[in-house]
Amino acid sequence: MPGATIKQQMPADSATVFALLHDYGRRLEWDTLLKEARLTRGHEMAAKGATSLCVGKPFFGIFGMETRYLTFSEGKIAAVEMINRPPLFAHFAASIRHENNHAGSTATYVFRFTARPRFLRWFLEPIMLRALRAETARRLCALSGFLAPGPYKSS
């Protein structure tokens with residue numbers, strides 16, 4: 001099963017990063033991949049068992065991936081698995097771990113997936129892996145930039 005691990009230094013403590021990352025009301029302020037992000041099935045806040053829908057911008061298929069939180073430990077780690085069947089994905093799971101350090105914190109995102117249809121996996125998975133790895137790094141960098149203090153930032 002293809003996957004990757006991407007680490008990003010964050011300019012804020014892990015609790016702050018974690019809270020912003022899982023705040024679906026603010027997700028589109030920084031997320032470079034999504035055009036829609038919301039909790040589903042009656043959930044009002046991210047938590048273990050909660051479900052969410054994230055819809056990508058045009059290049060990434062304009063489809064929605066619905067996930068369920070398997071783990072949710074505020075400020076530390078969250079893990080999700082895909083629960084719907086969007087085009088090209090047979091399986092998807094990811095986790096993000098946060099650890100404080102001298103410069104703020106580090107976010108470590110790990111994902112694994114399986115492409116579909118099965119007979120095209122040999123072709124699709126290397127392309128999807130490359131795209132997912134690059135976009136995940138871009139998203140984490142954007143989150144870090146959003147959190148960075150600067151003259152034009154409001155907080």
# chains A, B, ... in the order shown; residues from 1 in each chain; ligands from 1
>>> residues_around(residues="range 108-116 of chain A", least_positions_apart="6", cutoff="8 Å", atoms="only C-alpha atoms", output="PyMOL selection string")
chain A and resi 1-8+87-98+124-125
>>> closest_atom_pairs(of="range 110-153 of chain A", to="range 33-52 of chain A", cutoff="10 Å", atoms="only C-alpha atoms", output="JSON lines")
{"residue": "A:Glu135", "atom": "CA", "partner": "A:Leu33", "partner_atom": "CA", "distance": 7.1}
{"residue": "A:Thr136", "atom": "CA", "partner": "A:Leu33", "partner_atom": "CA", "distance": 8.5}
{"residue": "A:Arg138", "atom": "CA", "partner": "A:Leu33", "partner_atom": "CA", "distance": 8.7}
{"residue": "A:Arg139", "atom": "CA", "partner": "A:Leu33", "partner_atom": "CA", "distance": 7.0}
>>> write_last_selection(atoms="N, CA and C atoms", output="CSV table (one decimal), in the first residue's frame")
chain,number,residue,atom,x,y,z
A,135,GLU,N,1.2,17.7,-2.6
A,135,GLU,CA,0.1,18.6,-2.1
A,135,GLU,C,0.0,18.6,-0.6
A,136,THR,N,0.4,17.5,0.0
A,136,THR,CA,0.4,17.4,1.5
A,136,THR,C,1.5,18.4,2.0
A,138,ARG,N,2.7,21.0,0.5
A,138,ARG,CA,2.2,22.3,0.2
A,138,ARG,C,1.2,22.8,1.2
A,139,ARG,N,0.3,21.9,1.6
A,139,ARG,CA,-0.7,22.3,2.6
A,139,ARG,C,-0.1,22.5,4.0
>>> atom_distance(atom1="CA of Trp30 in chain A", atom2="CA of Gly145 in chain A")
8.5 Å
>>> select_by_dssp(residues="range 26-136 of chain A", states="helix (DSSP H, G or I)", output="list in words")
Arg27, Leu28, Glu29, Pro58, Phe59, Phe60, Arg118, Phe119, Leu120, Arg121, Trp122, Phe123, Leu124, Glu125, Pro126, Ile127, Met128, Leu129, Arg130, Ala131, Leu132, Arg133, Ala134, Glu135 and Thr136 of chain A
>>> atom_distance(atom1="CA of Ala103 in chain A", atom2="CA of Leu28 in chain A")
25.4 Å
>>> residues_around(residues="Leu147 in chain A", least_positions_apart="5", cutoff="8 Å", atoms="only C-alpha atoms", output="number ranges by chain")
A: 10-12, 17
>>> write_last_selection(atoms="N, CA and C atoms", output="compact mmCIF listing (two decimals), in the first residue's frame")
# COMPACT_ATOMS: atom_id res chain seq x y z
N MET A 10 6.26 24.02 12.60
CA MET A 10 5.19 24.99 12.76
C MET A 10 5.64 26.08 13.73
N PRO A 11 5.24 27.33 13.47
CA PRO A 11 5.66 28.44 14.32
C PRO A 11 4.77 28.65 15.54
N ALA A 12 4.01 27.65 15.92
CA ALA A 12 3.11 27.74 17.07
C ALA A 12 3.14 26.42 17.81
N VAL A 17 -1.79 24.60 16.71
CA VAL A 17 -1.81 24.02 15.37
C VAL A 17 -2.92 22.99 15.25
